[in-house]
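Content type mmCIF, C-alpha atoms and all ligand atoms, from the file start.cif:
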data_input
#
loop_
_atom_site.label_atom_id
_atom_site.label_comp_id
_atom_site.auth_asym_id
_atom_site.auth_seq_id
_atom_site.Cartn_x
_atom_site.Cartn_y
_atom_site.Cartn_z
CA MET A 177 43.46 82.40 -102.48
CA ASN A 178 41.51 81.52 -105.64
CA PHE A 179 42.04 82.51 -109.23
CA ALA A 180 40.33 85.83 -109.90
CA PHE A 181 39.35 87.10 -113.32
CA VAL A 182 38.68 90.72 -112.46
CA SER A 183 41.41 92.58 -114.35
CA GLY A 184 39.32 93.14 -117.48
CA ASN A 185 41.91 91.44 -119.68
CA PRO A 186 43.17 87.82 -119.66
CA ALA A 187 46.85 88.81 -119.85
CA LEU A 188 46.39 91.05 -116.79
CA ASP A 189 44.53 88.21 -115.08
CA LEU A 190 47.56 85.99 -115.70
CA VAL A 191 49.74 88.73 -114.18
CA GLY A 192 47.33 88.75 -111.22
CA THR A 193 48.18 85.15 -110.32
CA VAL A 194 50.95 86.74 -108.25
CA GLY A 195 49.53 88.80 -105.42
CA SER A 196 51.24 91.08 -102.93
CA ARG A 197 54.12 91.62 -105.33
CA ARG A 198 55.97 94.20 -103.24
CA ASP A 199 55.89 92.72 -99.77
CA GLY A 200 56.07 88.95 -99.95
CA PRO A 201 54.67 87.79 -103.30
CA VAL A 202 52.09 84.99 -103.24
CA ASP A 203 52.23 82.91 -106.43
CA LEU A 204 49.17 80.84 -107.32
CA LEU A 205 51.02 79.12 -110.16
CA THR A 206 53.59 76.91 -108.49
CA ALA A 207 53.47 73.90 -110.84
CA PRO A 208 52.36 73.11 -114.43
CA ALA A 209 49.08 71.65 -113.09
CA ASP A 210 48.20 75.07 -111.58
CA LEU A 211 48.65 76.64 -115.01
CA GLU A 212 46.43 73.97 -116.61
CA ARG A 213 43.72 74.81 -114.06
CA TRP A 214 44.11 78.52 -114.66
CA VAL A 215 43.76 78.10 -118.45
CA ALA A 216 40.65 75.94 -117.97
CA ALA A 217 39.12 78.59 -115.69
CA CYS A 218 39.93 81.55 -117.95
CA GLU A 219 37.18 82.51 -120.36
CA GLY A 220 38.11 82.58 -124.04
CA LEU A 221 40.83 79.95 -123.74
CA PRO A 222 40.70 76.19 -124.55
CA ASP A 223 39.09 74.06 -121.85
CA ARG A 224 42.01 71.73 -121.62
CA VAL A 225 45.70 72.17 -122.28
CA THR A 226 48.69 70.17 -121.17
CA ALA A 227 51.60 72.08 -119.68
CA ASP A 228 55.05 70.55 -119.49
CA LEU A 229 57.83 72.20 -117.52
CA ALA A 230 59.17 74.16 -120.51
CA GLY A 231 55.69 75.45 -121.35
CA PHE A 232 55.12 76.36 -117.72
CA GLU A 233 58.35 78.33 -117.66
CA SER A 234 57.38 80.16 -120.87
CA ALA A 235 54.07 81.09 -119.27
CA LEU A 236 55.79 82.48 -116.18
CA SER A 237 58.22 84.44 -118.31
CA LEU A 238 55.34 85.89 -120.36
CA ARG A 239 53.53 86.71 -117.12
CA GLU A 240 56.46 88.57 -115.57
CA ALA A 241 57.24 90.42 -118.82
CA THR A 242 53.58 91.49 -119.10
CA TYR A 243 53.63 92.65 -115.49
CA ARG A 244 56.72 94.75 -116.13
CA LEU A 245 55.15 96.38 -119.21
CA ALA A 246 51.84 97.01 -117.41
CA LEU A 247 53.71 98.58 -114.51
CA ASP A 248 55.66 100.72 -117.00
CA ARG A 249 52.30 101.93 -118.32
CA VAL A 250 50.93 102.63 -114.82
CA LEU A 251 54.09 104.56 -113.91
CA GLU A 252 54.14 106.32 -117.32
CA ARG A 253 57.67 105.35 -118.17
CA PRO A 254 59.13 103.73 -121.32
CA PHE A 255 58.65 100.00 -121.77
CA ASP A 256 61.40 97.69 -120.59
CA PRO A 257 63.07 96.43 -123.84
CA GLY A 258 63.72 92.87 -122.59
CA SER A 259 60.08 92.46 -121.58
CA LEU A 260 58.94 93.84 -124.94
CA THR A 261 60.99 91.17 -126.72
CA ILE A 262 59.43 88.36 -124.64
CA VAL A 263 55.86 89.57 -125.17
CA ASN A 264 56.33 90.32 -128.88
CA ASP A 265 58.06 86.99 -129.58
CA THR A 266 55.33 85.08 -127.74
CA ALA A 267 52.64 86.93 -129.68
CA ALA A 268 54.19 85.78 -132.97
CA GLY A 269 53.29 82.13 -132.27
CA PRO A 270 50.29 80.12 -133.55
CA LEU A 271 46.82 81.03 -132.28
CA PRO A 272 44.00 78.86 -130.86
CA ALA A 273 41.42 77.63 -133.37
CA VAL A 274 37.82 78.81 -133.02
CA GLU A 275 34.76 76.91 -134.28
CA LEU A 276 31.12 77.91 -134.19
CA GLY A 277 28.52 75.26 -133.40
CA ASP A 278 25.04 74.95 -131.89
CA ALA A 279 26.65 74.72 -128.47
CA GLY A 280 28.38 78.03 -129.13
CA LEU A 281 32.04 78.74 -129.55
CA ARG A 282 34.62 75.99 -129.30
CA ILE A 283 38.19 77.12 -128.73
CA SER A 284 41.01 74.66 -129.10
CA GLY A 285 44.78 74.76 -129.15
CA ASP A 286 47.85 73.82 -127.18
CA LEU A 287 49.65 75.82 -124.52
CA ARG A 288 51.79 77.59 -127.11
CA ALA A 289 48.67 78.87 -128.83
CA VAL A 290 47.24 79.93 -125.47
CA LEU A 291 50.37 81.93 -124.67
CA SER A 292 50.34 83.66 -128.08
CA HIS A 293 46.72 84.59 -127.54
CA LEU A 294 47.51 85.97 -124.07
CA ALA A 295 50.50 87.91 -125.36
CA ARG A 296 48.38 89.45 -128.15
CA SER A 297 45.63 90.38 -125.78
CA GLY A 298 48.20 91.98 -123.47
CA ILE A 299 49.64 93.91 -126.41
CA THR A 300 46.18 95.14 -127.41
CA VAL A 301 45.58 96.69 -124.00
CA LEU A 302 49.13 97.99 -123.51
CA ALA A 303 49.13 99.64 -126.94
CA ASP A 304 45.84 101.44 -126.37
CA PRO A 305 46.54 104.99 -125.14
CA ARG A 306 42.94 105.25 -123.88
CA ALA A 307 43.17 102.08 -121.79
CA ARG A 308 43.18 103.14 -118.15
CA LEU A 309 45.45 100.74 -116.33
CA LYS A 310 45.47 101.07 -112.57
CA GLU A 311 46.96 99.29 -109.62
CA CYS A 312 44.43 98.12 -107.04
CA GLY A 313 43.94 100.57 -104.18
CA ARG A 314 44.18 97.91 -101.47
CA SER A 315 47.76 98.09 -100.27
CA GLY A 316 49.21 94.63 -100.56
CA CYS A 317 47.07 93.53 -103.52
CA THR A 318 49.19 95.05 -106.33
CA ARG A 319 46.89 93.70 -109.09
CA ILE A 320 46.87 95.83 -112.23
CA TYR A 321 43.46 96.10 -113.88
CA LEU A 322 41.77 97.84 -116.75
CA ASP A 323 39.30 100.43 -115.49
CA ARG A 324 36.40 100.51 -117.93
CA SER A 325 34.00 102.25 -115.56
CA ARG A 326 32.40 105.53 -116.52
CA GLY A 327 34.69 108.35 -115.43
CA ALA A 328 37.35 105.75 -114.49
CA ARG A 329 36.40 105.88 -110.83
CA ARG A 330 37.11 102.28 -109.95
CA THR A 331 39.45 101.99 -106.98
CA TRP A 332 39.82 98.25 -106.49
CA CYS A 333 40.55 95.30 -108.75
CA GLY A 334 37.31 93.64 -107.61
CA MET A 335 34.69 94.23 -104.91
CA ASP A 336 34.83 90.65 -103.59
CA GLU A 337 38.60 90.47 -103.83
CA CYS A 338 39.51 93.82 -102.31
CA GLY A 339 36.78 96.49 -102.12
CA ASN A 340 34.69 94.72 -99.49
CA ARG A 341 37.78 93.77 -97.51
CA VAL A 342 38.91 97.40 -97.35
CA LYS A 343 35.43 98.56 -96.36
CA ALA A 344 35.12 95.86 -93.69
CA ALA A 345 38.53 96.78 -92.25
CA ALA A 346 37.57 100.47 -92.17
CA TYR A 347 34.31 99.56 -90.41
CA ARG A 348 36.15 97.49 -87.81
CA ALA A 349 38.62 100.35 -87.24
CA ARG A 350 35.72 102.79 -86.68
CA ARG A 351 34.10 100.35 -84.27
CA ARG A 352 37.35 100.02 -82.33
CA ALA A 353 37.80 103.80 -82.25
CA SER A 354 34.28 104.40 -80.94
CA ALA A 355 34.63 101.56 -78.41
CA SER A 356 37.81 103.11 -76.99
CA ALA A 357 36.13 106.53 -76.95
CA ASP A 358 33.27 104.98 -74.92
CA ALA A 359 35.81 103.54 -72.49
CA LEU A 360 37.02 107.06 -71.74
CA ILE A 361 33.59 108.16 -70.51
CA PRO A 362 33.44 107.48 -66.78
CA SER A 363 30.56 105.21 -65.82
CA LEU A 364 27.95 106.76 -63.55
ZN ZN B 1 42.87 94.16 -105.41
#
Starting from the file, give its structure as C-alpha cells.
Amino acid sequence: MNFAFVSGNPALDLVGTVGSRRDGPVDLLTAPADLERWVAACEGLPDRVTADLAGFESALSLREATYRLALDRVLERPFDPGSLTIVNDTAAGPLPAVELGDAGLRISGDLRAVLSHLARSGITVLADPRARLKECGRSGCTRIYLDRSRGARRTWCGMDECGNRVKAAAYRARRRASASADALIPSL
C-alpha cells in the first residue's frame, strides 16, 4: 500500500495512513523514517524533516486524535475532549516558514512545525460546518475525506484507491453470476 493524498486535506491524509481501521488496521507509519517519507511526499510541507522517536510519537498521537474528531464529525456527535486537547495543543506550536522565490514557494521547518501546521489544517476543516466529511464507501477502507464535489456525490476516497476496485469487484461478481446462470442451461 502506498501513501495516498486523496482526502482533500493534509490532516485527513495523515489520518489515512491507517487503513482498514475497523477490521485489522494497516498502519503505513511504523517507524520515524516512514513519517519522514510521508512528510516529504505531502504537498505544502517541508521537503525534508528529521523525526526522532518522540516526534514520531507526537505525530501518531495527533493522527489518532484527528481521526477521532473527524469520526465525531461524520457521526454527528460531540467532539471527544481528550482529542480536542491534543489537536489544539499541537496547533499552538511554531509554524513552518514560507519563502517566495523564482523557483516558487519554499517551505521549511522542523517536525514540530509540520505537526502544528497539520493540526491547524485539521482544525480548519473540522470547524467548518459546510465541510462535508465522509467515510469512504468501500467497506474496509475507512478513510475519511472531504467531499468538495458538486452536490457532494463522491462515494469513494479516490478512484484509483477504491472506486475502481469496487467497480472491478462488482464486474467480476456479475461475470461469475452470468457464468453460473449459463451453466444451468443444458447443452444441446
Ligand atoms: Zn477508500
- request: Around the point (46.2, 89.8, -125.8), in the coordinates given by the file, pick out the residues reaching within 12 Å, counting all atoms listed in the file, and return them as a ChimeraX atom specification.
  value: /A:184-190,220-221,238-239,242,263-264,266-268,271,289-304
Between A:Tyr321, A:Tyr243, A:Trp332, A:Phe179, which one has atoms that come closest to ligand ZN 1 (chain B), using only C-alpha atoms and all ligand atoms?
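Residue with the minimum atom-to-atom distance to ligand ZN 1 (chain B): A:Trp332.
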Please identify all protein, DNA and RNA residues within 10 Å of ligand ZN 1 (chain B), counting all atoms listed in the file, and report them as a PyMOL selection string. chain A and resi 180+182-183+192+195-196+311-321+331-339+341-342
Keeping only C-alpha atoms, write the selected residues to a file as an mmCIF file, keeping the file's coordinate frame.
data_model
loop_
_atom_site.group_PDB
_atom_site.id
_atom_site.type_symbol
_atom_site.label_atom_id
_atom_site.label_comp_id
_atom_site.auth_asym_id
_atom_site.auth_seq_id
_atom_site.Cartn_x
_atom_site.Cartn_y
_atom_site.Cartn_z
ATOM 1 C CA ALA A 180 40.330 85.830 -109.900
ATOM 2 C CA VAL A 182 38.680 90.720 -112.460
ATOM 3 C CA SER A 183 41.410 92.580 -114.350
ATOM 4 C CA GLY A 192 47.330 88.750 -111.220
ATOM 5 C CA GLY A 195 49.530 88.800 -105.420
ATOM 6 C CA SER A 196 51.240 91.080 -102.930
ATOM 7 C CA GLU A 311 46.960 99.290 -109.620
ATOM 8 C CA CYS A 312 44.430 98.120 -107.040
ATOM 9 C CA GLY A 313 43.940 100.570 -104.180
ATOM 10 C CA ARG A 314 44.180 97.910 -101.470
ATOM 11 C CA SER A 315 47.760 98.090 -100.270
ATOM 12 C CA GLY A 316 49.210 94.630 -100.560
ATOM 13 C CA CYS A 317 47.070 93.530 -103.520
ATOM 14 C CA THR A 318 49.190 95.050 -106.330
ATOM 15 C CA ARG A 319 46.890 93.700 -109.090
ATOM 16 C CA ILE A 320 46.870 95.830 -112.230
ATOM 17 C CA TYR A 321 43.460 96.100 -113.880
ATOM 18 C CA THR A 331 39.450 101.990 -106.980
ATOM 19 C CA TRP A 332 39.820 98.250 -106.490
ATOM 20 C CA CYS A 333 40.550 95.300 -108.750
ATOM 21 C CA GLY A 334 37.310 93.640 -107.610
ATOM 22 C CA MET A 335 34.690 94.230 -104.910
ATOM 23 C CA ASP A 336 34.830 90.650 -103.590
ATOM 24 C CA GLU A 337 38.600 90.470 -103.830
ATOM 25 C CA CYS A 338 39.510 93.820 -102.310
ATOM 26 C CA GLY A 339 36.780 96.490 -102.120
ATOM 27 C CA ARG A 341 37.780 93.770 -97.510
ATOM 28 C CA VAL A 342 38.910 97.400 -97.350
#
Using only C-alpha atoms, what table do you get, as a Markdown table, when you list each residue of region 216-294 of chain A with an atom no more than 12 Å from region 198-206 of chain A, its nearest pair of atoms, and their distance in Å rounded to one decimal, rows by chain then rising number?
| residue | atom | partner | partner_atom | distance |
| --- | --- | --- | --- | --- |
| A:Ala227 | CA | A:Leu205 | CA | 11.9 |
| A:Leu229 | CA | A:Thr206 | CA | 11.0 |
| A:Phe232 | CA | A:Leu205 | CA | 9.0 |
| A:Glu233 | CA | A:Thr206 | CA | 10.4 |
| A:Ala235 | CA | A:Leu205 | CA | 9.8 |
| A:Leu236 | CA | A:Leu205 | CA | 8.4 |
| A:Arg239 | CA | A:Leu205 | CA | 10.6 |
| A:Glu240 | CA | A:Asp203 | CA | 11.6 |
Margin query: Please compute the CA of Asn178 (chain A)-CA of Val194 (chain A) distance, one decimal, in Å.
Written below: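 Spanning CA of Asn178 (chain A) to CA of Val194 (chain A) is a straight-line distance of 11.1 Å.
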inquiry  = Restricting the calculation to only C-alpha atoms: of A:Ala273, A:Pro208, A:Pro254, A:Arg330, which residue gets closest to Ala230 (chain A)?
reply    =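 Looking only at the distances to Ala230 (chain A), the closest residue turns out to be A:Pro208.
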Here CA of Asp286 (chain A) and CA of Val225 (chain A) stand apart by 5.6 Å
What separates CA of Lys310 (chain A) and CA of Val215 (chain A) is a distance of 23.8 Å
* Identify which of the residues A:Trp214, A:Ala207, A:Arg329, A:Pro270 lies closest to Thr193 (chain A), counting all atoms listed in the file when measuring atom-to-atom distances. =>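 Among the listed residues, A:Trp214 lies closest to Thr193 (chain A).
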Using the file's own x, y and z axes, so that the box edges lie along x, y and z, what centre and edge lengths in Å (one decimal) does a box around every listed atom of region 348-355 of chain A get when 8 Å is added on each side? Give it as AutoDock Vina command-line options.
--center_x 36.4 --center_y 100.9 --center_z -83.1 --size_x 20.5 --size_y 22.9 --size_z 25.4
Using only C-alpha atoms, which residues sit within 9 Å of Thr226 (chain A) once same-chain residues fewer than 5 positions away are excluded, as a short mmCIF file (atom, residue, chain, number, x, y, z; two decimals) with C-alpha atoms, in the coordinates of the input?
data_model
loop_
_atom_site.label_atom_id
_atom_site.label_comp_id
_atom_site.auth_asym_id
_atom_site.auth_seq_id
_atom_site.Cartn_x
_atom_site.Cartn_y
_atom_site.Cartn_z
CA PRO A 208 52.36 73.11 -114.43
CA ALA A 209 49.08 71.65 -113.09
CA LEU A 211 48.65 76.64 -115.01
CA GLU A 212 46.43 73.97 -116.61
CA GLY A 231 55.69 75.45 -121.35
CA ASP A 286 47.85 73.82 -127.18
CA LEU A 287 49.65 75.82 -124.52
#
* Skip region 248-251 of chain A itself and residues of its chain fewer than 4 positions away, then list as a list in words all residues within 7 Å of it, counting only C-alpha atoms. => Arg244, Phe255, Leu309 and Lys310 of chain A
Taking all atoms listed in the file into account, which of A:Ala357, A:Val191, A:Cys218, A:Arg324 comes nearest Ala307 (chain A)?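 Smallest separation from Ala307 (chain A) among the options: A:Arg324.
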Taking the block above, write region 209-248 of chain A with N, CA and C atoms as a PDB file, in the first residue's frame.
ATOM      1  N   ALA A 209      11.217   6.856  10.106  1.00  0.00           N
ATOM      2  CA  ALA A 209      11.595   7.040   8.694  1.00  0.00           C
ATOM      3  C   ALA A 209      10.366   7.054   7.784  1.00  0.00           C
ATOM      4  N   ASP A 210       9.329   6.296   8.139  1.00  0.00           N
ATOM      5  CA  ASP A 210       8.078   6.307   7.344  1.00  0.00           C
ATOM      6  C   ASP A 210       7.441   7.691   7.407  1.00  0.00           C
ATOM      7  N   LEU A 211       7.476   8.281   8.605  1.00  0.00           N
ATOM      8  CA  LEU A 211       6.897   9.618   8.772  1.00  0.00           C
ATOM      9  C   LEU A 211       7.687  10.647   7.953  1.00  0.00           C
ATOM     10  N   GLU A 212       9.020  10.522   7.960  1.00  0.00           N
ATOM     11  CA  GLU A 212       9.853  11.446   7.166  1.00  0.00           C
ATOM     12  C   GLU A 212       9.489  11.337   5.689  1.00  0.00           C
ATOM     13  N   ARG A 213       9.256  10.129   5.215  1.00  0.00           N
ATOM     14  CA  ARG A 213       8.870   9.930   3.809  1.00  0.00           C
ATOM     15  C   ARG A 213       7.486  10.504   3.536  1.00  0.00           C
ATOM     16  N   TRP A 214       6.598  10.334   4.491  1.00  0.00           N
ATOM     17  CA  TRP A 214       5.237  10.858   4.298  1.00  0.00           C
ATOM     18  C   TRP A 214       5.267  12.384   4.205  1.00  0.00           C
ATOM     19  N   VAL A 215       6.027  13.029   5.110  1.00  0.00           N
ATOM     20  CA  VAL A 215       6.110  14.494   5.098  1.00  0.00           C
ATOM     21  C   VAL A 215       6.688  14.970   3.765  1.00  0.00           C
ATOM     22  N   ALA A 216       7.735  14.292   3.292  1.00  0.00           N
ATOM     23  CA  ALA A 216       8.366  14.681   2.019  1.00  0.00           C
ATOM     24  C   ALA A 216       7.380  14.535   0.860  1.00  0.00           C
ATOM     25  N   ALA A 217       6.495  13.551   0.939  1.00  0.00           N
ATOM     26  CA  ALA A 217       5.557  13.302  -0.161  1.00  0.00           C
ATOM     27  C   ALA A 217       4.335  14.208  -0.094  1.00  0.00           C
ATOM     28  N   CYS A 218       4.058  14.766   1.069  1.00  0.00           N
ATOM     29  CA  CYS A 218       2.841  15.579   1.237  1.00  0.00           C
ATOM     30  C   CYS A 218       3.076  16.993   0.728  1.00  0.00           C
ATOM     31  N   GLU A 219       2.210  17.445  -0.138  1.00  0.00           N
ATOM     32  CA  GLU A 219       2.313  18.793  -0.696  1.00  0.00           C
ATOM     33  C   GLU A 219       2.077  19.844   0.398  1.00  0.00           C
ATOM     34  N   GLY A 220       2.838  20.933   0.330  1.00  0.00           N
ATOM     35  CA  GLY A 220       2.630  22.016   1.288  1.00  0.00           C
ATOM     36  C   GLY A 220       3.390  21.845   2.585  1.00  0.00           C
ATOM     37  N   LEU A 221       4.233  20.819   2.647  1.00  0.00           N
ATOM     38  CA  LEU A 221       5.058  20.607   3.838  1.00  0.00           C
ATOM     39  C   LEU A 221       6.529  20.681   3.425  1.00  0.00           C
ATOM     40  N   PRO A 222       7.446  20.902   4.377  1.00  0.00           N
ATOM     41  CA  PRO A 222       8.879  20.929   4.023  1.00  0.00           C
ATOM     42  C   PRO A 222       9.308  19.626   3.334  1.00  0.00           C
ATOM     43  N   ASP A 223      10.299  19.747   2.448  1.00  0.00           N
ATOM     44  CA  ASP A 223      10.767  18.568   1.712  1.00  0.00           C
ATOM     45  C   ASP A 223      11.485  17.577   2.622  1.00  0.00           C
ATOM     46  N   ARG A 224      12.112  18.105   3.644  1.00  0.00           N
ATOM     47  CA  ARG A 224      12.896  17.204   4.478  1.00  0.00           C
ATOM     48  C   ARG A 224      12.730  17.565   5.947  1.00  0.00           C
ATOM     49  N   VAL A 225      12.313  16.616   6.739  1.00  0.00           N
ATOM     50  CA  VAL A 225      12.331  16.803   8.190  1.00  0.00           C
ATOM     51  C   VAL A 225      12.967  15.565   8.806  1.00  0.00           C
ATOM     52  N   THR A 226      13.468  15.751  10.006  1.00  0.00           N
ATOM     53  CA  THR A 226      14.024  14.618  10.746  1.00  0.00           C
ATOM     54  C   THR A 226      13.052  14.295  11.872  1.00  0.00           C
ATOM     55  N   ALA A 227      12.721  13.018  11.984  1.00  0.00           N
ATOM     56  CA  ALA A 227      11.805  12.599  13.047  1.00  0.00           C
ATOM     57  C   ALA A 227      12.555  11.712  14.029  1.00  0.00           C
ATOM     58  N   ASP A 228      12.603  12.134  15.294  1.00  0.00           N
ATOM     59  CA  ASP A 228      13.116  11.214  16.316  1.00  0.00           C
ATOM     60  C   ASP A 228      11.912  10.462  16.894  1.00  0.00           C
ATOM     61  N   LEU A 229      12.183   9.589  17.854  1.00  0.00           N
ATOM     62  CA  LEU A 229      11.102   8.746  18.355  1.00  0.00           C
ATOM     63  C   LEU A 229      10.013   9.574  19.042  1.00  0.00           C
ATOM     64  N   ALA A 230      10.426  10.604  19.788  1.00  0.00           N
ATOM     65  CA  ALA A 230       9.435  11.435  20.485  1.00  0.00           C
ATOM     66  C   ALA A 230       8.562  12.181  19.480  1.00  0.00           C
ATOM     67  N   GLY A 231       9.194  12.710  18.428  1.00  0.00           N
ATOM     68  CA  GLY A 231       8.440  13.421  17.392  1.00  0.00           C
ATOM     69  C   GLY A 231       7.497  12.482  16.661  1.00  0.00           C
ATOM     70  N   PHE A 232       7.965  11.280  16.419  1.00  0.00           N
ATOM     71  CA  PHE A 232       7.145  10.264  15.756  1.00  0.00           C
ATOM     72  C   PHE A 232       5.912   9.952  16.603  1.00  0.00           C
ATOM     73  N   GLU A 233       6.134   9.810  17.910  1.00  0.00           N
ATOM     74  CA  GLU A 233       5.003   9.509  18.788  1.00  0.00           C
ATOM     75  C   GLU A 233       4.013  10.672  18.847  1.00  0.00           C
ATOM     76  N   SER A 234       4.533  11.913  18.827  1.00  0.00           N
ATOM     77  CA  SER A 234       3.617  13.068  18.788  1.00  0.00           C
ATOM     78  C   SER A 234       2.785  13.048  17.512  1.00  0.00           C
ATOM     79  N   ALA A 235       3.414  12.684  16.406  1.00  0.00           N
ATOM     80  CA  ALA A 235       2.693  12.644  15.131  1.00  0.00           C
ATOM     81  C   ALA A 235       1.581  11.598  15.183  1.00  0.00           C
ATOM     82  N   LEU A 236       1.880  10.435  15.756  1.00  0.00           N
ATOM     83  CA  LEU A 236       0.857   9.387  15.836  1.00  0.00           C
ATOM     84  C   LEU A 236      -0.271   9.815  16.772  1.00  0.00           C
ATOM     85  N   SER A 237       0.082  10.522  17.834  1.00  0.00           N
ATOM     86  CA  SER A 237      -0.969  10.944  18.755  1.00  0.00           C
ATOM     87  C   SER A 237      -1.838  12.029  18.112  1.00  0.00           C
ATOM     88  N   LEU A 238      -1.222  12.926  17.343  1.00  0.00           N
ATOM     89  CA  LEU A 238      -2.013  13.910  16.583  1.00  0.00           C
ATOM     90  C   LEU A 238      -2.908  13.195  15.570  1.00  0.00           C
ATOM     91  N   ARG A 239      -2.338  12.200  14.893  1.00  0.00           N
ATOM     92  CA  ARG A 239      -3.108  11.473  13.879  1.00  0.00           C
ATOM     93  C   ARG A 239      -4.338  10.807  14.482  1.00  0.00           C
ATOM     94  N   GLU A 240      -4.153  10.117  15.604  1.00  0.00           N
ATOM     95  CA  GLU A 240      -5.289   9.391  16.187  1.00  0.00           C
ATOM     96  C   GLU A 240      -6.324  10.353  16.769  1.00  0.00           C
ATOM     97  N   ALA A 241      -5.849  11.477  17.338  1.00  0.00           N
ATOM     98  CA  ALA A 241      -6.790  12.474  17.868  1.00  0.00           C
ATOM     99  C   ALA A 241      -7.590  13.084  16.718  1.00  0.00           C
ATOM    100  N   THR A 242      -6.921  13.369  15.597  1.00  0.00           N
ATOM    101  CA  THR A 242      -7.614  13.945  14.444  1.00  0.00           C
ATOM    102  C   THR A 242      -8.620  12.944  13.888  1.00  0.00           C
ATOM    103  N   TYR A 243      -8.252  11.680  13.866  1.00  0.00           N
ATOM    104  CA  TYR A 243      -9.198  10.654  13.395  1.00  0.00           C
ATOM    105  C   TYR A 243     -10.454  10.651  14.267  1.00  0.00           C
ATOM    106  N   ARG A 244     -10.228  10.683  15.584  1.00  0.00           N
ATOM    107  CA  ARG A 244     -11.369  10.632  16.497  1.00  0.00           C
ATOM    108  C   ARG A 244     -12.310  11.829  16.258  1.00  0.00           C
ATOM    109  N   LEU A 245     -11.709  13.021  16.082  1.00  0.00           N
ATOM    110  CA  LEU A 245     -12.542  14.214  15.883  1.00  0.00           C
ATOM    111  C   LEU A 245     -13.263  14.163  14.532  1.00  0.00           C
ATOM    112  N   ALA A 246     -12.572  13.663  13.502  1.00  0.00           N
ATOM    113  CA  ALA A 246     -13.201  13.556  12.178  1.00  0.00           C
ATOM    114  C   ALA A 246     -14.355  12.558  12.224  1.00  0.00           C
ATOM    115  N   LEU A 247     -14.131  11.456  12.945  1.00  0.00           N
ATOM    116  CA  LEU A 247     -15.197  10.463  13.084  1.00  0.00           C
ATOM    117  C   LEU A 247     -16.368  11.056  13.870  1.00  0.00           C
ATOM    118  N   ASP A 248     -16.059  11.841  14.894  1.00  0.00           N
ATOM    119  CA  ASP A 248     -17.128  12.525  15.648  1.00  0.00           C
ATOM    120  C   ASP A 248     -17.958  13.400  14.712  1.00  0.00           C
TER     121      ASP A 248
END
